[in-house]
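The structure file data09.cif is reproduced below (mmCIF, C-alpha atoms).
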```cif
data_data
loop_
_atom_site.label_atom_id
_atom_site.label_comp_id
_atom_site.auth_asym_id
_atom_site.auth_seq_id
_atom_site.Cartn_x
_atom_site.Cartn_y
_atom_site.Cartn_z
CA GLN A 1 18.50 -9.44 -20.94
CA VAL A 2 19.84 -9.04 -17.41
CA SER A 3 18.76 -9.71 -13.86
CA ILE A 4 18.77 -6.99 -11.21
CA ALA A 5 20.24 -9.60 -8.85
CA GLN A 6 23.43 -9.95 -10.90
CA PRO A 7 26.50 -8.64 -9.10
CA ASP A 8 28.41 -8.16 -12.35
CA PHE A 9 27.64 -7.58 -16.02
CA THR A 10 31.01 -8.31 -17.62
CA ALA A 11 29.64 -10.84 -20.12
CA GLU A 12 26.86 -8.49 -21.22
CA VAL A 13 29.10 -5.44 -21.67
CA ILE A 14 31.71 -7.44 -23.58
CA SER A 15 28.95 -8.77 -25.84
CA ALA A 16 27.59 -5.24 -26.39
CA ARG A 17 31.07 -3.83 -27.05
CA ASN A 18 31.87 -6.64 -29.52
CA ALA A 19 28.58 -5.98 -31.30
CA GLY A 20 29.64 -2.35 -31.84
CA ALA A 21 27.24 -0.76 -29.39
CA GLU A 22 27.97 2.84 -28.49
CA ILE A 23 25.03 3.35 -26.12
CA VAL A 24 23.74 1.05 -23.39
CA THR A 25 20.23 1.93 -22.27
CA MET A 26 19.13 0.33 -19.04
CA LEU A 27 15.48 -0.20 -18.18
CA SER A 28 16.21 -1.22 -14.63
CA ASP A 29 16.73 0.05 -11.12
CA GLU A 30 19.49 2.53 -10.36
CA GLN A 31 21.78 0.02 -8.62
CA THR A 32 21.81 -2.14 -11.75
CA ILE A 33 22.65 0.89 -13.89
CA VAL A 34 25.67 1.57 -11.65
CA ARG A 35 26.83 -2.06 -11.81
CA VAL A 36 26.57 -2.07 -15.62
CA ALA A 37 28.57 1.18 -15.88
CA ARG A 38 31.16 -0.27 -13.45
CA SER A 39 31.44 -3.49 -15.47
CA ALA A 40 31.96 -1.53 -18.69
CA LYS A 41 34.69 0.60 -17.10
CA ARG A 42 36.50 -2.50 -15.81
CA GLN A 43 36.65 -3.66 -19.43
CA GLY A 44 38.12 -0.33 -20.53
CA TRP A 45 34.97 0.44 -22.48
CA SER A 46 33.21 3.79 -22.20
CA PRO A 47 29.82 3.61 -23.88
CA VAL A 48 27.15 6.17 -23.16
CA VAL A 49 25.12 4.56 -20.37
CA THR A 50 21.57 5.80 -20.02
CA GLY A 51 18.74 5.06 -17.67
CA THR A 52 15.17 6.15 -17.40
CA TYR A 53 13.75 8.12 -14.51
CA THR A 54 15.39 5.63 -12.16
CA ALA A 55 18.76 7.30 -12.84
CA ASN A 56 17.53 10.38 -10.95
CA ALA A 57 18.53 9.08 -7.51
CA GLU A 58 21.15 9.81 -4.87
CA VAL A 59 22.77 6.40 -5.34
CA MET A 60 23.93 7.61 -8.76
CA GLN A 61 26.22 10.13 -7.07
CA GLN A 62 29.34 7.98 -7.18
CA PRO A 63 32.40 7.60 -9.43
CA ASP A 64 31.13 4.31 -10.90
CA ALA A 65 28.13 6.16 -12.35
CA GLU A 66 30.23 8.92 -13.94
CA GLY A 67 28.68 10.08 -17.21
CA VAL A 68 25.40 8.19 -16.82
CA LEU A 69 22.52 10.04 -18.48
CA GLY A 70 18.92 9.94 -17.37
CA MET A 71 15.73 11.93 -17.13
CA ALA A 72 13.84 13.60 -14.34
CA ALA A 73 10.05 13.91 -14.37
CA THR A 74 10.27 17.10 -12.32
CA VAL A 75 12.60 20.07 -12.33
CA PRO A 76 15.88 18.77 -10.91
CA TYR A 77 15.43 18.30 -7.17
CA ARG A 78 19.10 18.96 -6.41
CA SER A 79 19.46 22.29 -8.24
CA SER A 80 16.08 23.92 -8.74
CA PRO A 81 14.94 26.43 -6.09
CA LYS A 82 11.41 25.26 -6.91
CA MET A 83 12.20 21.92 -5.25
CA GLN A 84 13.55 23.46 -2.04
CA PRO A 85 10.26 22.73 -0.21
CA TYR A 86 10.66 19.04 -1.13
CA LEU A 87 14.21 18.99 0.27
CA GLU A 88 13.05 20.77 3.42
CA ALA A 89 10.14 18.34 3.88
CA VAL A 90 12.48 15.35 3.65
CA ARG A 91 14.93 16.94 6.11
CA ARG A 92 12.11 17.71 8.52
CA TYR A 93 9.93 14.61 8.34
CA VAL A 94 12.33 11.89 7.16
CA PRO A 95 15.77 13.10 8.24
CA ASP A 96 17.47 9.83 7.28
CA GLY A 97 15.32 9.37 4.18
CA ALA A 98 16.79 8.97 0.74
CA LEU A 99 16.37 11.80 -1.69
CA GLY A 100 15.62 10.94 -5.24
CA GLY A 101 13.51 11.14 -8.30
CA TYR A 102 10.79 8.85 -6.96
CA GLY A 103 10.37 10.91 -3.81
CA ALA A 104 10.57 14.17 -5.71
CA THR A 105 8.01 12.92 -8.21
CA ALA A 106 5.67 11.74 -5.45
CA TRP A 107 5.97 15.13 -3.76
CA VAL A 108 5.10 16.90 -7.02
CA GLN A 109 2.18 14.51 -7.61
CA LEU A 110 0.80 15.55 -4.24
CA LYS A 111 1.25 19.19 -5.32
CA LEU A 112 -0.91 18.32 -8.33
CA ILE A 113 -3.59 16.86 -6.04
CA GLU A 114 -3.34 20.00 -3.92
CA ARG A 115 -3.77 22.11 -7.08
CA VAL A 116 -6.89 20.30 -8.30
CA SER A 117 -8.42 20.09 -4.81
CA VAL A 118 -8.71 23.84 -4.25
CA ASN A 119 -12.28 23.95 -5.55
CA PHE A 120 -13.56 21.00 -3.53
CA GLY A 121 -14.12 23.07 -0.41
CA ASP A 122 -15.23 21.10 2.61
CA ARG A 123 -16.96 18.35 0.66
CA ASN A 124 -15.59 14.83 0.33
CA PRO A 125 -14.71 14.55 -3.39
CA ALA A 126 -15.42 11.40 -5.36
CA THR A 127 -13.15 9.86 -7.99
CA GLN A 128 -15.10 11.61 -10.75
CA ASP A 129 -14.47 14.99 -9.08
CA TYR A 130 -10.73 14.41 -9.30
CA LEU A 131 -10.98 13.20 -12.89
CA ASP A 132 -13.04 16.23 -13.91
CA ALA A 133 -10.54 18.54 -12.20
CA LEU A 134 -7.63 16.86 -14.00
CA TYR A 135 -9.42 17.02 -17.36
CA GLY A 136 -9.90 20.74 -16.75
CA LEU A 137 -6.14 21.38 -16.67
CA LYS A 138 -4.48 22.60 -19.84
CA ASP A 139 -0.69 22.92 -20.07
CA GLU A 140 -0.44 22.82 -16.28
CA THR A 141 3.09 23.14 -14.87
CA ILE A 142 2.22 23.12 -11.14
CA GLY A 143 4.13 26.34 -10.69
CA GLY A 144 6.98 25.29 -12.98
CA LEU A 145 7.61 21.93 -11.30
CA VAL A 146 6.87 19.86 -14.43
CA PRO A 147 6.69 20.37 -18.19
CA PRO A 148 3.21 21.45 -19.34
CA ILE A 149 0.69 18.63 -18.91
CA THR A 150 -2.86 18.26 -20.15
CA PHE A 151 -5.07 15.36 -19.13
CA ASN A 152 -7.21 14.24 -22.06
CA LYS A 153 -10.25 12.01 -21.77
CA GLY A 154 -9.64 8.61 -23.31
CA SER A 155 -6.17 7.37 -24.10
CA HIS A 156 -3.38 8.72 -21.91
CA ALA A 157 -0.52 7.48 -24.09
CA HIS A 158 0.70 11.01 -24.78
CA LEU A 159 0.06 12.63 -21.42
CA ASN A 160 3.61 13.73 -20.76
CA MET A 161 6.36 12.97 -23.22
CA CYS A 162 8.78 15.52 -21.76
CA GLY A 163 11.41 15.53 -19.03
CA TYR A 164 14.55 17.15 -17.68
CA PRO A 165 17.90 15.63 -18.72
CA ILE A 166 20.24 14.68 -15.90
CA LYS A 167 23.86 13.53 -15.98
CA VAL A 168 26.32 12.29 -13.38
CA VAL A 169 29.34 14.62 -13.44
CA ASN A 170 32.11 14.42 -10.85
CA ALA A 171 29.97 11.93 -8.92
CA LYS A 172 27.11 14.44 -8.62
CA LEU A 173 23.69 14.57 -10.29
CA THR A 174 23.65 17.56 -12.60
CA ALA A 175 21.06 19.13 -14.87
CA PRO A 176 22.85 20.00 -18.13
CA LEU A 177 19.89 22.07 -19.35
CA GLY A 178 18.95 23.47 -15.93
CA GLU A 179 15.19 23.85 -15.72
CA ASN A 180 14.73 23.47 -19.49
CA PHE A 181 12.93 20.31 -20.50
CA VAL A 182 13.04 18.27 -23.69
CA CYS A 183 10.20 16.37 -25.32
CA ALA A 184 9.93 13.30 -27.49
CA LYS A 185 10.04 14.15 -31.18
CA GLY A 186 6.65 15.26 -32.43
CA TYR A 187 5.19 15.85 -29.00
#
```

Would you kindly transcribe this structure into structure tokens?
Amino acid sequence: QVSIAQPDFTAEVISARNAGAEIVTMLSDEQTIVRVARSAKRQGWSPVVTGTYTANAEVMQQPDAEGVLGMAATVPYRSSPKMQPYLEAVRRYVPDGALGGYGATAWVQLKLIERVSVNFGDRNPATQDYLDALYGLKDETIGGLVPPITFNKGSHAHLNMCGYPIKVVNAKLTAPLGENFVCAKGY
């Protein structure tokens, strides 16, 4: 267990290395992932360091994050032409704003709202209208921006078990599989 306020993770990486770990998976913010990778490198240890969707952020584009693996919820915002409108919107409306997975995902979520809102016309839709519209989608990709999603009534535990692998290579976010996504086993 770690704290995101820790400036260094030497004790934790030494403990993991001594335990024979080959992979360190971080369920934390992107800055913590970078500090863990940096601490491991200072110890001469090169485990596979992975993060969740938080690893899909501009701050990962640095030598200390080299080799870090993560996932993107959307097609990769840095390399996919489908995300060019997102990049243009940030440049236009938030010129000093940080690019990243959270912003890209929020932009795509608004594209989903835009997609389901087309049939609302001029009326003011209620929550149930949105829910019904979402339940009506089957294998929706929002124009190829996300893996196919279907909103089922009831439990949403298996709504979207797919994503786009990302990796830091030469201090840049890359998409090893391009716009091809992977899914959890059995999904």

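Across the structure, CA of Glu140 (chain A) and CA of Leu69 (chain A) are spaced 26.4 Å apart.
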
Might you pull out every residue within 6 Å of region 51-59 of chain A, with all atoms listed in the file counted and same-chain residues fewer than 6 positions away left off, and present them as a compact mmCIF listing (two decimals) with C-alpha atoms, keeping the file's coordinate frame?
```
# COMPACT_ATOMS: atom_id res chain seq x y z
CA THR A 25 20.23 1.93 -22.27
CA MET A 26 19.13 0.33 -19.04
CA ASP A 29 16.73 0.05 -11.12
CA GLU A 30 19.49 2.53 -10.36
CA GLY A 70 18.92 9.94 -17.37
CA MET A 71 15.73 11.93 -17.13
CA ALA A 72 13.84 13.60 -14.34
CA GLY A 100 15.62 10.94 -5.24
CA GLY A 101 13.51 11.14 -8.30
```

Skip region 104-113 of chain A itself and residues of its chain fewer than 2 positions away, then list as a PyMOL selection string all residues within 7 Å of it, counting all atoms listed in the file. chain A and resi 73-74+77+86+100-102+115-117+142

Could you save those same residues with C-alpha atoms as a compact mmCIF listing (two decimals), keeping the file's coordinate frame?
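File produced: again_19.txt:
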```
# COMPACT_ATOMS: atom_id res chain seq x y z
CA ALA A 73 10.05 13.91 -14.37
CA THR A 74 10.27 17.10 -12.32
CA TYR A 77 15.43 18.30 -7.17
CA TYR A 86 10.66 19.04 -1.13
CA GLY A 100 15.62 10.94 -5.24
CA GLY A 101 13.51 11.14 -8.30
CA TYR A 102 10.79 8.85 -6.96
CA ARG A 115 -3.77 22.11 -7.08
CA VAL A 116 -6.89 20.30 -8.30
CA SER A 117 -8.42 20.09 -4.81
CA ILE A 142 2.22 23.12 -11.14
```

Could you list, as a list in words, every residue within 10 Å of Gly136 (chain A), counting only C-alpha atoms and ignoring same-chain residues fewer than 3 positions away?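 Surrounding residues, per the criterion: Val116, Tyr130, Leu131, Asp132, Ala133, Glu140, Thr150, Phe151 and Asn152 of chain A.
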
Å distance separating CA of Leu134 (chain A) from CA of Asn160 (chain A), one decimal place: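 Between CA of Leu134 (chain A) and CA of Asn160 (chain A) the gap is 13.5 Å.
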